[in-house]
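Visitor: What follows is a structure written as structure tokens; I'll ask about it next.
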Amino acid sequence: MASSSSSSRTTILLLMAAAAASLLCLAQAEESPLKQDFYSETCPGVEELVRKELKKIFADDSTIRAGLLRLHFHDCFVRGCDASLMLDSHNGTAEKHADPNLTVRGYEVIEALKLKVEAECPLVVSCADLMTIAARDAVKFSDGPDYPVETGRRDGNISMAADAKRDLPPADGNVTVLTKYFAAKNLTMKDLVVLSGAHTLGVAHCPSFSGRVHNHTGAGDADPALDAGYLAKLNATCGPANVASVVPLDAATTDKFDLGYYQSVRGRKGLLGSDDALNHDSLMGAYVELMNNASSLDTFFQDFAVSMVKMGRVGVLTGEEGVIRESCTIFVD
Ligand code: HEM
């Protein structure tokens, strides 16, 4: 009896997921000016070199893997994947100075990779490609999928904090808001629910979710969507004025790329408003539900790889466009 009801539940979930998949427009095959192994002749072995360096870096600090994954996302959503996020400015007007980027980390890792790669192949490999490769390797070294990345991006020369403020999705965004931010980058609701799975890694600072804990409607209340025990823990870590403490986005397995995020979201322990938002849409909710089955890990890995490659194509500069910088942080004409 128990097994027949669980198998019919699985069947229903699979049907819901199939419906969700078709309605959410599963990643369509698209023409891309990028290609795998773009540097096979101009800088052979660059991906192996990057991986070797990252292995050492991650051995010292495994938490930086989460930083590198987020770094790539924040780069791609603002003027495309062109490493404009890496650029320094003297007057605080570059992307990295915008509020949503103040907690982004991993810049020094990309710069260290660039130094190594420049020693082998000067002025050949773009910073934007290094960010893409590093994000993939961050996932791989967290026990996630190891997928082929496309390369051939060039670096942008414009970096403006105002663009970052405008184009990065807000932590308290609901489904309608988040969908709009993703659609603006040609990414679907399916990409949204899949890429949100990146929150299986890393942490958030208290201000990113304190509204949910201390002031949900402006009346000093908590978000009723939060699990009561989880809310108590968040309260204990994050007083209303605490800006420095961090909380894992996936409490159970913070450093492991797995389905833990979707279990948290379904269990009303999604940390950010944007995480909980997935529960409030029937199609994305069906995906979350499906990912609460251990046998869905391969599906998640495949979906994540597809959506990451798609995100890696957003607004890219190729061919004669843009530049190849010697240092990722220093502007060149
Ligand atoms: C759906 C819209 C998204 C929103 C609103 C969002 C927002 C956030 C926020 C507020 C944080 C915590 C920042 C802090 O307080 O330190 C965070 C962390 C993170 N995000 Fe997202 N994010 C979204 C999508 C993504 C995507 C698409 C990726 C990557 C593919 C990603 C990867 C990460 C990672 C890995 C962390 C942890 C970073 C660390 O530990 O340093 N996020 N995100």
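The chains in the structure tokens are called A, B, ... from first to last as shown; in each chain the residues are counted from 1, and the ligands are counted from 1 in the order shown.
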Any residue with an atom at most 8 Å from ligand 1 counts, using only C-alpha atoms and all ligand atoms. Which are they? Put them as a ChimeraX atom specification.

Guide: /A:63-74,100,102-105,168-173,178,182,192-193,195-209,246,248-249,272-275,308

Visitor: Selection from above, N, CA and C atoms, as a short mmCIF file (atom, residue, chain, number, x, y, z; two decimals), in the first residue's frame, can you write it?

Guide:
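Once written, again09.cif looks like this:
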```
data_model
loop_
_atom_site.label_atom_id
_atom_site.label_comp_id
_atom_site.auth_asym_id
_atom_site.auth_seq_id
_atom_site.Cartn_x
_atom_site.Cartn_y
_atom_site.Cartn_z
N THR A 63 35.59 27.71 0.81
CA THR A 63 34.40 28.57 0.75
C THR A 63 34.44 29.53 -0.44
N ILE A 64 35.63 29.76 -0.98
CA ILE A 64 35.74 30.72 -2.08
C ILE A 64 35.08 30.18 -3.36
N ARG A 65 34.82 28.87 -3.39
CA ARG A 65 34.15 28.29 -4.55
C ARG A 65 32.79 28.96 -4.75
N ALA A 66 32.07 29.17 -3.66
CA ALA A 66 30.76 29.82 -3.75
C ALA A 66 30.92 31.24 -4.30
N GLY A 67 31.97 31.92 -3.83
CA GLY A 67 32.22 33.29 -4.28
C GLY A 67 32.41 33.35 -5.79
N LEU A 68 33.15 32.38 -6.33
CA LEU A 68 33.45 32.39 -7.77
C LEU A 68 32.21 32.11 -8.62
N LEU A 69 31.34 31.28 -8.09
CA LEU A 69 30.09 30.99 -8.82
C LEU A 69 29.23 32.25 -8.88
N ARG A 70 29.13 32.95 -7.77
CA ARG A 70 28.33 34.17 -7.73
C ARG A 70 28.97 35.28 -8.57
N LEU A 71 30.31 35.32 -8.55
CA LEU A 71 31.04 36.34 -9.31
C LEU A 71 30.67 36.27 -10.81
N HIS A 72 30.61 35.07 -11.33
CA HIS A 72 30.29 34.88 -12.76
C HIS A 72 28.85 35.34 -13.03
N PHE A 73 27.93 34.97 -12.16
CA PHE A 73 26.52 35.40 -12.32
C PHE A 73 26.42 36.93 -12.31
N HIS A 74 27.06 37.56 -11.35
CA HIS A 74 26.97 39.02 -11.24
C HIS A 74 27.66 39.71 -12.41
N PRO A 100 24.64 45.63 -4.49
CA PRO A 100 24.52 44.16 -4.56
C PRO A 100 25.87 43.46 -4.75
N LEU A 102 28.71 44.41 -3.06
CA LEU A 102 29.63 44.69 -1.95
C LEU A 102 30.05 43.42 -1.22
N THR A 103 29.25 42.37 -1.31
CA THR A 103 29.62 41.11 -0.64
C THR A 103 30.12 40.06 -1.63
N VAL A 104 30.31 40.47 -2.87
CA VAL A 104 30.84 39.52 -3.88
C VAL A 104 32.31 39.28 -3.58
N ARG A 105 32.74 38.03 -3.69
CA ARG A 105 34.15 37.73 -3.40
C ARG A 105 34.75 36.82 -4.47
N LEU A 168 20.74 43.54 -11.43
CA LEU A 168 20.85 42.36 -10.55
C LEU A 168 19.55 42.18 -9.77
N PRO A 169 19.03 40.95 -9.73
CA PRO A 169 17.72 40.73 -9.10
C PRO A 169 17.77 40.96 -7.59
N PRO A 170 16.70 41.51 -7.02
CA PRO A 170 16.69 41.79 -5.58
C PRO A 170 16.44 40.54 -4.74
N ALA A 171 17.07 40.50 -3.56
CA ALA A 171 16.98 39.33 -2.68
C ALA A 171 15.55 39.06 -2.22
N ASP A 172 14.73 40.10 -2.20
CA ASP A 172 13.35 39.90 -1.73
C ASP A 172 12.36 39.85 -2.90
N GLY A 173 12.88 39.62 -4.11
CA GLY A 173 12.01 39.62 -5.28
C GLY A 173 11.02 38.45 -5.27
N LEU A 178 11.40 38.40 -10.23
CA LEU A 178 12.59 37.62 -10.60
C LEU A 178 12.51 37.18 -12.05
N PHE A 182 15.25 37.87 -15.14
CA PHE A 182 15.85 36.79 -15.94
C PHE A 182 15.46 36.93 -17.41
N LEU A 192 15.64 30.13 -14.11
CA LEU A 192 15.56 30.76 -12.79
C LEU A 192 15.53 29.71 -11.67
N VAL A 193 14.66 28.73 -11.81
CA VAL A 193 14.54 27.74 -10.73
C VAL A 193 15.79 26.85 -10.68
N LEU A 195 19.01 27.74 -11.82
CA LEU A 195 20.21 28.50 -11.40
C LEU A 195 20.12 28.93 -9.94
N SER A 196 18.89 29.09 -9.43
CA SER A 196 18.75 29.38 -8.00
C SER A 196 19.37 28.26 -7.18
N GLY A 197 19.44 27.07 -7.79
CA GLY A 197 20.07 25.93 -7.13
C GLY A 197 21.53 26.17 -6.80
N ALA A 198 22.13 27.24 -7.37
CA ALA A 198 23.50 27.62 -6.99
C ALA A 198 23.57 27.95 -5.51
N HIS A 199 22.41 28.28 -4.93
CA HIS A 199 22.39 28.59 -3.49
C HIS A 199 22.54 27.33 -2.64
N THR A 200 22.87 26.23 -3.26
CA THR A 200 23.32 25.04 -2.52
C THR A 200 24.71 25.29 -1.93
N LEU A 201 25.40 26.32 -2.42
CA LEU A 201 26.72 26.70 -1.92
C LEU A 201 26.66 28.09 -1.30
N GLY A 202 27.46 28.29 -0.27
CA GLY A 202 27.74 29.65 0.19
C GLY A 202 26.81 30.21 1.25
N VAL A 203 26.98 31.49 1.48
CA VAL A 203 26.34 32.15 2.62
C VAL A 203 25.72 33.48 2.21
N ALA A 204 24.86 33.98 3.09
CA ALA A 204 24.33 35.34 2.94
C ALA A 204 24.53 36.10 4.24
N HIS A 205 24.77 37.40 4.11
CA HIS A 205 24.90 38.26 5.30
C HIS A 205 23.50 38.64 5.80
N CYS A 206 23.41 38.89 7.11
CA CYS A 206 22.10 39.16 7.72
C CYS A 206 21.24 40.18 6.96
N PRO A 207 21.81 41.32 6.49
CA PRO A 207 20.92 42.31 5.85
C PRO A 207 20.21 41.77 4.61
N SER A 208 20.74 40.68 4.00
CA SER A 208 20.11 40.15 2.79
C SER A 208 18.76 39.49 3.07
N PHE A 209 18.51 39.15 4.35
CA PHE A 209 17.23 38.50 4.66
C PHE A 209 16.60 39.01 5.96
N VAL A 246 27.03 35.87 8.97
CA VAL A 246 26.53 35.17 7.78
C VAL A 246 25.80 33.89 8.18
N PRO A 248 24.37 30.15 6.29
CA PRO A 248 24.45 29.33 5.06
C PRO A 248 23.15 29.39 4.27
N LEU A 249 23.28 29.41 2.96
CA LEU A 249 22.08 29.38 2.11
C LEU A 249 21.46 27.98 2.11
N LEU A 272 16.59 33.34 1.53
CA LEU A 272 16.24 34.64 0.94
C LEU A 272 14.77 34.63 0.50
N GLY A 273 14.21 35.81 0.40
CA GLY A 273 12.85 35.91 -0.14
C GLY A 273 12.78 35.29 -1.52
N SER A 274 13.86 35.50 -2.30
CA SER A 274 13.88 34.96 -3.67
C SER A 274 13.92 33.43 -3.68
N ASP A 275 14.45 32.84 -2.63
CA ASP A 275 14.46 31.37 -2.53
C ASP A 275 13.04 30.87 -2.23
N MET A 308 23.77 27.11 -17.03
CA MET A 308 25.01 27.86 -16.84
C MET A 308 25.63 28.23 -18.19
#
```

Visitor: From range 119-290 of chain A, collect each residue whose DSSP state is strand (DSSP E or B) and return the set as an mmCIF file with all heavy atoms, in the first residue's frame.

Guide:
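Ended up saving to selection.cif:
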```cif
data_model
loop_
_atom_site.group_PDB
_atom_site.id
_atom_site.type_symbol
_atom_site.label_atom_id
_atom_site.label_comp_id
_atom_site.auth_asym_id
_atom_site.auth_seq_id
_atom_site.Cartn_x
_atom_site.Cartn_y
_atom_site.Cartn_z
ATOM 1 N N GLU A 150 31.859 26.925 -22.956
ATOM 2 C CA GLU A 150 32.227 27.611 -24.195
ATOM 3 C C GLU A 150 33.162 28.762 -23.840
ATOM 4 O O GLU A 150 33.017 29.379 -22.776
ATOM 5 C CB GLU A 150 30.977 28.169 -24.875
ATOM 6 C CG GLU A 150 30.008 27.090 -25.321
ATOM 7 C CD GLU A 150 28.701 27.673 -25.845
ATOM 8 O OE1 GLU A 150 28.346 28.816 -25.476
ATOM 9 O OE2 GLU A 150 28.023 26.977 -26.618
ATOM 10 N N THR A 151 34.087 29.050 -24.742
ATOM 11 C CA THR A 151 34.991 30.190 -24.542
ATOM 12 C C THR A 151 35.062 31.013 -25.833
ATOM 13 O O THR A 151 34.436 30.677 -26.828
ATOM 14 C CB THR A 151 36.396 29.693 -24.118
ATOM 15 O OG1 THR A 151 36.744 28.541 -24.892
ATOM 16 C CG2 THR A 151 36.445 29.335 -22.650
ATOM 17 N N ARG A 154 35.396 38.210 -25.086
ATOM 18 C CA ARG A 154 36.398 39.260 -24.886
ATOM 19 C C ARG A 154 35.917 40.182 -23.770
ATOM 20 O O ARG A 154 34.769 40.107 -23.346
ATOM 21 C CB ARG A 154 36.646 39.992 -26.213
ATOM 22 C CG ARG A 154 37.424 39.050 -27.158
ATOM 23 C CD ARG A 154 37.545 39.572 -28.538
ATOM 24 N NE ARG A 154 38.278 40.827 -28.647
ATOM 25 C CZ ARG A 154 39.594 40.935 -28.815
ATOM 26 N NH1 ARG A 154 40.353 39.855 -28.875
ATOM 27 N NH2 ARG A 154 40.155 42.118 -28.955
ATOM 28 N N ASP A 155 36.821 41.006 -23.274
ATOM 29 C CA ASP A 155 36.513 41.800 -22.087
ATOM 30 C C ASP A 155 35.959 43.177 -22.446
ATOM 31 O O ASP A 155 36.424 43.806 -23.403
ATOM 32 C CB ASP A 155 37.779 41.970 -21.236
ATOM 33 C CG ASP A 155 38.312 40.642 -20.730
ATOM 34 O OD1 ASP A 155 37.486 39.723 -20.537
ATOM 35 O OD2 ASP A 155 39.532 40.518 -20.537
ATOM 36 N N VAL A 203 26.983 31.487 1.479
ATOM 37 C CA VAL A 203 26.340 32.150 2.623
ATOM 38 C C VAL A 203 25.721 33.479 2.212
ATOM 39 O O VAL A 203 26.034 34.027 1.152
ATOM 40 C CB VAL A 203 27.384 32.441 3.728
ATOM 41 C CG1 VAL A 203 27.926 31.159 4.324
ATOM 42 C CG2 VAL A 203 28.521 33.324 3.200
ATOM 43 N N ALA A 204 24.861 33.979 3.087
ATOM 44 C CA ALA A 204 24.327 35.343 2.941
ATOM 45 C C ALA A 204 24.534 36.102 4.244
ATOM 46 O O ALA A 204 24.499 35.507 5.334
ATOM 47 C CB ALA A 204 22.844 35.294 2.590
ATOM 48 N N HIS A 205 24.774 37.403 4.113
ATOM 49 C CA HIS A 205 24.896 38.260 5.296
ATOM 50 C C HIS A 205 23.497 38.637 5.801
ATOM 51 O O HIS A 205 22.546 38.722 5.009
ATOM 52 C CB HIS A 205 25.676 39.534 4.940
ATOM 53 C CG HIS A 205 27.128 39.268 4.651
ATOM 54 N ND1 HIS A 205 27.564 38.681 3.477
ATOM 55 C CD2 HIS A 205 28.243 39.494 5.401
ATOM 56 C CE1 HIS A 205 28.882 38.565 3.514
ATOM 57 N NE2 HIS A 205 29.324 39.047 4.664
ATOM 58 N N VAL A 246 27.025 35.866 8.967
ATOM 59 C CA VAL A 246 26.530 35.167 7.777
ATOM 60 C C VAL A 246 25.797 33.892 8.179
ATOM 61 O O VAL A 246 26.049 33.325 9.238
ATOM 62 C CB VAL A 246 27.673 34.805 6.796
ATOM 63 C CG1 VAL A 246 28.309 36.037 6.199
ATOM 64 C CG2 VAL A 246 28.714 33.904 7.454
ATOM 65 N N VAL A 247 24.886 33.481 7.288
ATOM 66 C CA VAL A 247 24.105 32.266 7.491
ATOM 67 C C VAL A 247 24.205 31.458 6.196
ATOM 68 O O VAL A 247 24.116 32.035 5.106
ATOM 69 C CB VAL A 247 22.626 32.629 7.800
ATOM 70 C CG1 VAL A 247 21.751 31.392 7.818
ATOM 71 C CG2 VAL A 247 22.524 33.397 9.117
ATOM 72 N N PRO A 248 24.374 30.145 6.286
ATOM 73 C CA PRO A 248 24.455 29.335 5.059
ATOM 74 C C PRO A 248 23.146 29.390 4.268
ATOM 75 O O PRO A 248 22.061 29.401 4.856
ATOM 76 C CB PRO A 248 24.692 27.909 5.566
ATOM 77 C CG PRO A 248 24.926 27.999 7.007
ATOM 78 C CD PRO A 248 24.503 29.338 7.506
#
```

Visitor: If you run DSSP on this backbone, which residues of range 55-280 of chain A come out as helix (DSSP H, G or I), and could you give them as a PyMOL selection string?

Guide: chain A and resi 55-60+64-76+84-86+95-97+99-101+107-120+127-140+161-167+175-183+189-200+206-208+210-214+228-237+260-266+273-280

Visitor: Compile a residue-level contact table for range 97-201 of chain A against range 282-302 of chain A at a cut-off of 8 Å, reporting for every qualifying residue the shortest atom pair and its distance in Å to one decimal, with only C-alpha atoms counted, rows ordered by chain and ascending number, as a Markdown table.

Guide:
```
| residue | atom | partner | partner_atom | distance |
| --- | --- | --- | --- | --- |
| A:Gly144 | CA | A:Phe301 | CA | 6.9 |
| A:Pro145 | CA | A:Phe301 | CA | 5.5 |
| A:Met189 | CA | A:Met284 | CA | 7.4 |
| A:Lys190 | CA | A:Met284 | CA | 7.3 |
| A:Val193 | CA | A:Met284 | CA | 6.0 |
| A:Val194 | CA | A:Phe300 | CA | 7.3 |
```

Visitor: Counting only C-alpha atoms, which of A:Ala98, A:Cys76, A:Leu130, A:Val332 gets nearest to Arg166 in chain A?

Guide: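 Looking only at the distances to Arg166 in chain A, the closest residue turns out to be A:Ala98.
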